[in-house]
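Student: final.pdb (PDB, C-alpha atoms) pasted underneath:
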```pdb
ATOM      1  CA  MET A   1       4.068 -14.823  -9.119  1.00  0.00           C
ATOM      2  CA  THR A   2       3.351 -17.469  -6.536  1.00  0.00           C
ATOM      3  CA  GLU A   3       3.575 -17.777  -2.785  1.00  0.00           C
ATOM      4  CA  THR A   4       7.023 -19.302  -3.212  1.00  0.00           C
ATOM      5  CA  GLN A   5       8.388 -15.981  -4.468  1.00  0.00           C
ATOM      6  CA  PRO A   6       8.098 -13.537  -1.531  1.00  0.00           C
ATOM      7  CA  VAL A   7      11.404 -11.885  -2.449  1.00  0.00           C
ATOM      8  CA  THR A   8       9.808 -10.843  -5.745  1.00  0.00           C
ATOM      9  CA  PHE A   9       7.147  -9.009  -3.760  1.00  0.00           C
ATOM     10  CA  LEU A  10       9.779  -7.305  -1.612  1.00  0.00           C
ATOM     11  CA  SER A  11      11.548  -6.124  -4.766  1.00  0.00           C
ATOM     12  CA  LEU A  12       8.505  -3.960  -5.569  1.00  0.00           C
ATOM     13  CA  PHE A  13       9.340  -1.752  -2.577  1.00  0.00           C
ATOM     14  CA  SER A  14      11.986   0.945  -2.384  1.00  0.00           C
ATOM     15  CA  THR A  15      12.712   3.510   0.301  1.00  0.00           C
ATOM     16  CA  ASP A  16      11.853   6.363  -2.087  1.00  0.00           C
ATOM     17  CA  ALA A  17       8.270   5.051  -2.206  1.00  0.00           C
ATOM     18  CA  ILE A  18       7.900   4.596   1.554  1.00  0.00           C
ATOM     19  CA  VAL A  19       6.653   7.459   3.730  1.00  0.00           C
ATOM     20  CA  ALA A  20       7.561   7.091   7.404  1.00  0.00           C
ATOM     21  CA  ASP A  21       5.079   9.716   8.609  1.00  0.00           C
ATOM     22  CA  LEU A  22       2.090  10.426   6.406  1.00  0.00           C
ATOM     23  CA  ALA A  23       0.739  13.955   6.762  1.00  0.00           C
ATOM     24  CA  ALA A  24      -2.715  12.900   5.546  1.00  0.00           C
ATOM     25  CA  ASP A  25      -5.613  12.660   7.950  1.00  0.00           C
ATOM     26  CA  ASN A  26      -8.195  11.008   5.676  1.00  0.00           C
ATOM     27  CA  ILE A  27      -8.538   8.321   3.005  1.00  0.00           C
ATOM     28  CA  ASP A  28      -8.288  10.676   0.029  1.00  0.00           C
ATOM     29  CA  GLY A  29      -5.298  12.476   1.488  1.00  0.00           C
ATOM     30  CA  ALA A  30      -3.430   9.225   2.149  1.00  0.00           C
ATOM     31  CA  PHE A  31      -4.129   7.964  -1.370  1.00  0.00           C
ATOM     32  CA  ASP A  32      -3.021  11.257  -2.937  1.00  0.00           C
ATOM     33  CA  GLU A  33       0.106  11.512  -0.781  1.00  0.00           C
ATOM     34  CA  LEU A  34       1.216   8.001  -1.710  1.00  0.00           C
ATOM     35  CA  LEU A  35       0.284   8.550  -5.353  1.00  0.00           C
ATOM     36  CA  ALA A  36       2.503  11.656  -5.379  1.00  0.00           C
ATOM     37  CA  VAL A  37       5.360   9.595  -3.931  1.00  0.00           C
ATOM     38  CA  LEU A  38       4.984   7.122  -6.807  1.00  0.00           C
ATOM     39  CA  GLY A  39       5.226  10.039  -9.228  1.00  0.00           C
ATOM     40  CA  LYS A  40       8.244  11.584  -7.521  1.00  0.00           C
ATOM     41  CA  SER A  41      10.033   8.223  -7.478  1.00  0.00           C
ATOM     42  CA  LYS A  42       9.281   7.846 -11.217  1.00  0.00           C
ATOM     43  CA  LYS A  43       7.386   4.599 -10.637  1.00  0.00           C
ATOM     44  CA  LEU A  44       4.163   5.966 -12.140  1.00  0.00           C
ATOM     45  CA  GLY A  45       3.727   8.633 -14.805  1.00  0.00           C
ATOM     46  CA  PRO A  46       1.148  11.455 -14.824  1.00  0.00           C
ATOM     47  CA  THR A  47      -1.402   9.665 -17.023  1.00  0.00           C
ATOM     48  CA  ALA A  48      -1.279   6.506 -14.916  1.00  0.00           C
ATOM     49  CA  ARG A  49      -1.617   8.586 -11.737  1.00  0.00           C
ATOM     50  CA  LYS A  50      -4.759  10.238 -13.137  1.00  0.00           C
ATOM     51  CA  GLN A  51      -6.159   6.817 -14.062  1.00  0.00           C
ATOM     52  CA  ALA A  52      -5.386   5.507 -10.576  1.00  0.00           C
ATOM     53  CA  ARG A  53      -7.052   8.501  -8.915  1.00  0.00           C
ATOM     54  CA  ALA A  54     -10.190   8.097 -11.051  1.00  0.00           C
ATOM     55  CA  ALA A  55     -10.351   4.348 -10.344  1.00  0.00           C
ATOM     56  CA  PHE A  56      -9.940   4.899  -6.607  1.00  0.00           C
ATOM     57  CA  THR A  57     -12.612   7.602  -6.537  1.00  0.00           C
ATOM     58  CA  LEU A  58     -14.999   5.128  -8.151  1.00  0.00           C
ATOM     59  CA  LYS A  59     -14.121   2.465  -5.561  1.00  0.00           C
ATOM     60  CA  LEU A  60     -14.756   4.929  -2.734  1.00  0.00           C
ATOM     61  CA  GLU A  61     -18.124   5.828  -4.226  1.00  0.00           C
ATOM     62  CA  GLN A  62     -18.943   2.108  -4.215  1.00  0.00           C
ATOM     63  CA  GLY A  63     -18.005   1.870  -0.530  1.00  0.00           C
ATOM     64  CA  ALA A  64     -14.621   0.129  -0.819  1.00  0.00           C
ATOM     65  CA  THR A  65     -11.978   1.829   1.334  1.00  0.00           C
ATOM     66  CA  GLY A  66      -9.160  -0.704   1.357  1.00  0.00           C
ATOM     67  CA  ALA A  67      -9.187  -1.177   5.148  1.00  0.00           C
ATOM     68  CA  VAL A  68      -8.271  -4.783   5.971  1.00  0.00           C
ATOM     69  CA  GLY A  69      -8.151  -4.607   9.776  1.00  0.00           C
ATOM     70  CA  HIS A  70      -5.259  -4.753  12.237  1.00  0.00           C
ATOM     71  CA  SER A  71      -4.652  -1.004  11.562  1.00  0.00           C
ATOM     72  CA  VAL A  72      -3.730  -1.769   7.925  1.00  0.00           C
ATOM     73  CA  ALA A  73      -5.295  -0.478   4.701  1.00  0.00           C
ATOM     74  CA  VAL A  74      -4.529  -1.592   1.164  1.00  0.00           C
ATOM     75  CA  PRO A  75      -6.168   0.751  -1.322  1.00  0.00           C
ATOM     76  CA  HIS A  76      -5.625  -0.936  -4.669  1.00  0.00           C
ATOM     77  CA  VAL A  77      -6.618  -0.329  -8.264  1.00  0.00           C
ATOM     78  CA  LYS A  78      -6.020  -1.894 -11.658  1.00  0.00           C
ATOM     79  CA  ILE A  79      -5.446   0.561 -14.493  1.00  0.00           C
ATOM     80  CA  PRO A  80      -4.627   0.342 -18.207  1.00  0.00           C
ATOM     81  CA  GLY A  81      -1.666   2.733 -17.847  1.00  0.00           C
ATOM     82  CA  ALA A  82       0.379   0.526 -15.502  1.00  0.00           C
ATOM     83  CA  ARG A  83       2.984  -1.770 -17.034  1.00  0.00           C
ATOM     84  CA  SER A  84       3.616  -3.680 -13.829  1.00  0.00           C
ATOM     85  CA  THR A  85       2.701  -3.621 -10.162  1.00  0.00           C
ATOM     86  CA  VAL A  86       3.837  -0.514  -8.314  1.00  0.00           C
ATOM     87  CA  VAL A  87       3.503  -0.018  -4.594  1.00  0.00           C
ATOM     88  CA  ALA A  88       3.959   2.689  -1.998  1.00  0.00           C
ATOM     89  CA  LEU A  89       3.810   2.275   1.758  1.00  0.00           C
ATOM     90  CA  GLY A  90       2.889   4.948   4.257  1.00  0.00           C
ATOM     91  CA  ARG A  91       2.911   4.966   8.041  1.00  0.00           C
ATOM     92  CA  SER A  92       0.733   7.296  10.090  1.00  0.00           C
ATOM     93  CA  GLU A  93       1.652   7.700  13.717  1.00  0.00           C
ATOM     94  CA  ARG A  94      -1.681   9.247  14.715  1.00  0.00           C
ATOM     95  CA  GLY A  95      -3.794   6.968  12.500  1.00  0.00           C
ATOM     96  CA  ILE A  96      -6.210   7.637   9.658  1.00  0.00           C
ATOM     97  CA  ASP A  97      -9.930   6.847   9.643  1.00  0.00           C
ATOM     98  CA  PHE A  98     -10.384   4.451   6.711  1.00  0.00           C
ATOM     99  CA  ARG A  99     -13.839   3.424   7.948  1.00  0.00           C
ATOM    100  CA  ALA A 100     -12.397   0.030   8.915  1.00  0.00           C
ATOM    101  CA  GLY A 101     -14.867  -2.696   9.819  1.00  0.00           C
ATOM    102  CA  ASP A 102     -13.080  -3.277  13.124  1.00  0.00           C
ATOM    103  CA  GLY A 103     -13.271   0.448  13.950  1.00  0.00           C
ATOM    104  CA  THR A 104      -9.521   0.911  14.292  1.00  0.00           C
ATOM    105  CA  LEU A 105      -7.563   3.765  12.793  1.00  0.00           C
ATOM    106  CA  VAL A 106      -5.130   2.822  10.041  1.00  0.00           C
ATOM    107  CA  ASN A 107      -1.441   3.232  10.812  1.00  0.00           C
ATOM    108  CA  LEU A 108      -0.104   1.448   7.717  1.00  0.00           C
ATOM    109  CA  CYS A 109      -1.292   2.078   4.196  1.00  0.00           C
ATOM    110  CA  PHE A 110      -0.080   0.067   1.204  1.00  0.00           C
ATOM    111  CA  LEU A 111      -1.053   1.672  -2.107  1.00  0.00           C
ATOM    112  CA  VAL A 112      -1.042  -0.990  -4.833  1.00  0.00           C
ATOM    113  CA  ILE A 113      -1.489  -0.208  -8.521  1.00  0.00           C
ATOM    114  CA  THR A 114      -1.381  -2.957 -11.120  1.00  0.00           C
ATOM    115  CA  ALA A 115      -2.031  -3.349 -14.813  1.00  0.00           C
ATOM    116  CA  GLU A 116      -5.579  -4.301 -15.776  1.00  0.00           C
ATOM    117  CA  ASN A 117      -4.285  -7.268 -17.741  1.00  0.00           C
ATOM    118  CA  LYS A 118      -2.450  -8.825 -14.751  1.00  0.00           C
ATOM    119  CA  PRO A 119      -5.207  -9.916 -12.350  1.00  0.00           C
ATOM    120  CA  GLY A 120      -3.206 -12.883 -11.022  1.00  0.00           C
ATOM    121  CA  GLU A 121      -0.245 -10.694 -10.101  1.00  0.00           C
ATOM    122  CA  HIS A 122      -2.632  -8.255  -8.414  1.00  0.00           C
ATOM    123  CA  LEU A 123      -4.299 -10.956  -6.305  1.00  0.00           C
ATOM    124  CA  ASP A 124      -1.027 -12.678  -5.379  1.00  0.00           C
ATOM    125  CA  PHE A 125       0.434  -9.409  -4.129  1.00  0.00           C
ATOM    126  CA  LEU A 126      -2.712  -8.542  -2.148  1.00  0.00           C
ATOM    127  CA  ARG A 127      -2.599 -11.991  -0.516  1.00  0.00           C
ATOM    128  CA  TRP A 128       1.021 -11.412   0.458  1.00  0.00           C
ATOM    129  CA  ILE A 129       0.195  -8.058   2.065  1.00  0.00           C
ATOM    130  CA  ALA A 130      -2.792  -9.609   3.861  1.00  0.00           C
ATOM    131  CA  SER A 131      -0.501 -12.266   5.327  1.00  0.00           C
ATOM    132  CA  LEU A 132       1.771  -9.506   6.659  1.00  0.00           C
ATOM    133  CA  ALA A 133      -1.206  -7.656   8.137  1.00  0.00           C
ATOM    134  CA  ARG A 134      -2.443 -10.798   9.908  1.00  0.00           C
ATOM    135  CA  ASP A 135       0.916 -11.314  11.606  1.00  0.00           C
ATOM    136  CA  PRO A 136       0.516  -9.338  14.853  1.00  0.00           C
ATOM    137  CA  ASP A 137       4.227  -8.501  14.902  1.00  0.00           C
ATOM    138  CA  PHE A 138       4.253  -6.656  11.583  1.00  0.00           C
ATOM    139  CA  PRO A 139       1.775  -3.842  12.355  1.00  0.00           C
ATOM    140  CA  ARG A 140       3.137  -3.505  15.901  1.00  0.00           C
ATOM    141  CA  PHE A 141       6.767  -3.211  14.795  1.00  0.00           C
ATOM    142  CA  ALA A 142       5.904  -1.016  11.798  1.00  0.00           C
ATOM    143  CA  ARG A 143       4.169   1.526  14.029  1.00  0.00           C
ATOM    144  CA  GLY A 144       7.517   1.954  15.800  1.00  0.00           C
ATOM    145  CA  CYS A 145       9.563   2.524  12.630  1.00  0.00           C
ATOM    146  CA  GLN A 146      10.712   6.136  12.346  1.00  0.00           C
ATOM    147  CA  SER A 147      12.213   6.082   8.840  1.00  0.00           C
ATOM    148  CA  SER A 148      11.597   4.735   5.355  1.00  0.00           C
ATOM    149  CA  ALA A 149      14.720   2.607   5.677  1.00  0.00           C
ATOM    150  CA  ALA A 150      13.476   1.086   8.940  1.00  0.00           C
ATOM    151  CA  LEU A 151      10.128   0.212   7.331  1.00  0.00           C
ATOM    152  CA  TYR A 152      11.902  -1.372   4.360  1.00  0.00           C
ATOM    153  CA  ASP A 153      14.163  -3.355   6.704  1.00  0.00           C
ATOM    154  CA  LEU A 154      11.096  -4.594   8.579  1.00  0.00           C
ATOM    155  CA  LEU A 155       9.460  -5.703   5.313  1.00  0.00           C
ATOM    156  CA  GLU A 156      12.650  -7.550   4.446  1.00  0.00           C
ATOM    157  CA  GLU A 157      12.853  -9.193   7.862  1.00  0.00           C
ATOM    158  CA  MET A 158       9.195 -10.263   7.804  1.00  0.00           C
ATOM    159  CA  THR A 159       9.582 -11.608   4.265  1.00  0.00           C
ATOM    160  CA  ASN A 160      12.582 -13.707   5.212  1.00  0.00           C
ATOM    161  CA  ALA A 161      11.149 -14.906   8.540  1.00  0.00           C
TER
END
```
Rewrite the structure from the file as structure tokens, please.
Tutor:
Amino acid sequence: MTETQPVTFLSLFSTDAIVADLAADNIDGAFDELLAVLGKSKKLGPTARKQARAAFTLKLEQGATGAVGHSVAVPHVKIPGARSTVVALGRSERGIDFRAGDGTLVNLCFLVITAENKPGEHLDFLRWIASLARDPDFPRFARGCQSSAALYDLLEEMTNA
């Protein structure tokens, strides 16, 4: 994957792995809620979900939360049980404390899980999400989206802009 393939990144999203209103009120809850969505949508099996949970717990213990600023968090892990990159997106209207460096609550949470043997794919995708987060329009418009379909449409619009 390269920066010239943003449509490839968009293809990793689907409305069945986008949550328009996360119920979670903390980092662990958001991770678990999005992980469950990946299971329900059949994007990630039970063993891979357990591996992802264990890897994320370790990252939290090391102080990494995934908060990137601009009310966006990108918790991400690489696991042996993933065959390809899988992603879920959640929106929280009230915001979640991800212990962000800028002190803001997180309204958008991208959960990214990739295979251990695909570090380039992992980094390329994280760069793409970071570019979305840095665009002031994306977080602002996403906070106003009331459905999974609206969030997907916004991703598509921002990708093609």
Student: Step by step, work through what the PyMOL selection byres ((chain A and resi 55) around 12) selects in the shown file, and finish by giving those residues as a list in words.
Tutor: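 Against this file, the PyMOL selection byres ((chain A and resi 55) around 12) returns the residues Phe31, Ala48, Arg49, Lys50, Gln51, Ala52, Arg53, Ala54, Phe56, Thr57, Leu58, Lys59, Leu60, Glu61, Gln62, Ala64, Pro75, His76, Val77, Lys78, Ile79, Pro80, Gly81, Ile113, Thr114 and Glu116 of chain A.
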Student: Please write the residues picked by the PyMOL selection byres ((chain A and resi 141-155) around 9) on this file as a short mmCIF file (atom, residue, chain, number, x, y, z; two decimals) with C-alpha atoms, in the coordinates of the input.
Tutor:
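Result file follows (selection-v8.cif):
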```cif
data_model
loop_
_atom_site.label_atom_id
_atom_site.label_comp_id
_atom_site.auth_asym_id
_atom_site.auth_seq_id
_atom_site.Cartn_x
_atom_site.Cartn_y
_atom_site.Cartn_z
CA LEU A 10 9.78 -7.30 -1.61
CA PHE A 13 9.34 -1.75 -2.58
CA SER A 14 11.99 0.94 -2.38
CA THR A 15 12.71 3.51 0.30
CA ASP A 16 11.85 6.36 -2.09
CA ALA A 17 8.27 5.05 -2.21
CA ILE A 18 7.90 4.60 1.55
CA VAL A 19 6.65 7.46 3.73
CA ALA A 20 7.56 7.09 7.40
CA ASP A 21 5.08 9.72 8.61
CA LEU A 89 3.81 2.28 1.76
CA GLY A 90 2.89 4.95 4.26
CA ARG A 91 2.91 4.97 8.04
CA SER A 92 0.73 7.30 10.09
CA GLU A 93 1.65 7.70 13.72
CA ASN A 107 -1.44 3.23 10.81
CA LEU A 108 -0.10 1.45 7.72
CA LEU A 132 1.77 -9.51 6.66
CA PRO A 136 0.52 -9.34 14.85
CA ASP A 137 4.23 -8.50 14.90
CA PHE A 138 4.25 -6.66 11.58
CA PRO A 139 1.78 -3.84 12.36
CA ARG A 140 3.14 -3.50 15.90
CA GLU A 156 12.65 -7.55 4.45
CA GLU A 157 12.85 -9.19 7.86
CA MET A 158 9.20 -10.26 7.80
CA THR A 159 9.58 -11.61 4.26
CA ASN A 160 12.58 -13.71 5.21
#
```
Student: I need the residue set behind the PyMOL selection byres ((chain A and resi 86) around 8) for this file; please write it as number ranges by chain.
Tutor: A: 12, 38, 43-44, 84-85, 87-88, 112-114
Student: In Å, with one decimal, what is the gap from CA of Glu121 in chain A to CA of Gly69 in chain A?
Tutor: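 CA of Gly69 in chain A lies 22.2 Å from CA of Glu121 in chain A.
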Student: Using only C-alpha atoms, which of A:Ala67, A:Ala82, A:Leu111, A:Ala133 sits nearest Leu34 in chain A?
Tutor: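 Between A:Ala67, A:Ala82, A:Leu111, A:Ala133, the residue approaching Leu34 in chain A most closely is A:Leu111.
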Student: Work out how far CA of Leu22 in chain A is from CA of His70 in chain A, in Å to one decimal.
Tutor: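 So the answer is 17.8 Å.
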Student: Have a look at CA of Ala30 in chain A and CA of Gly66 in chain A and let me know their distance in Å, one decimal.
Tutor: 11.5 Å
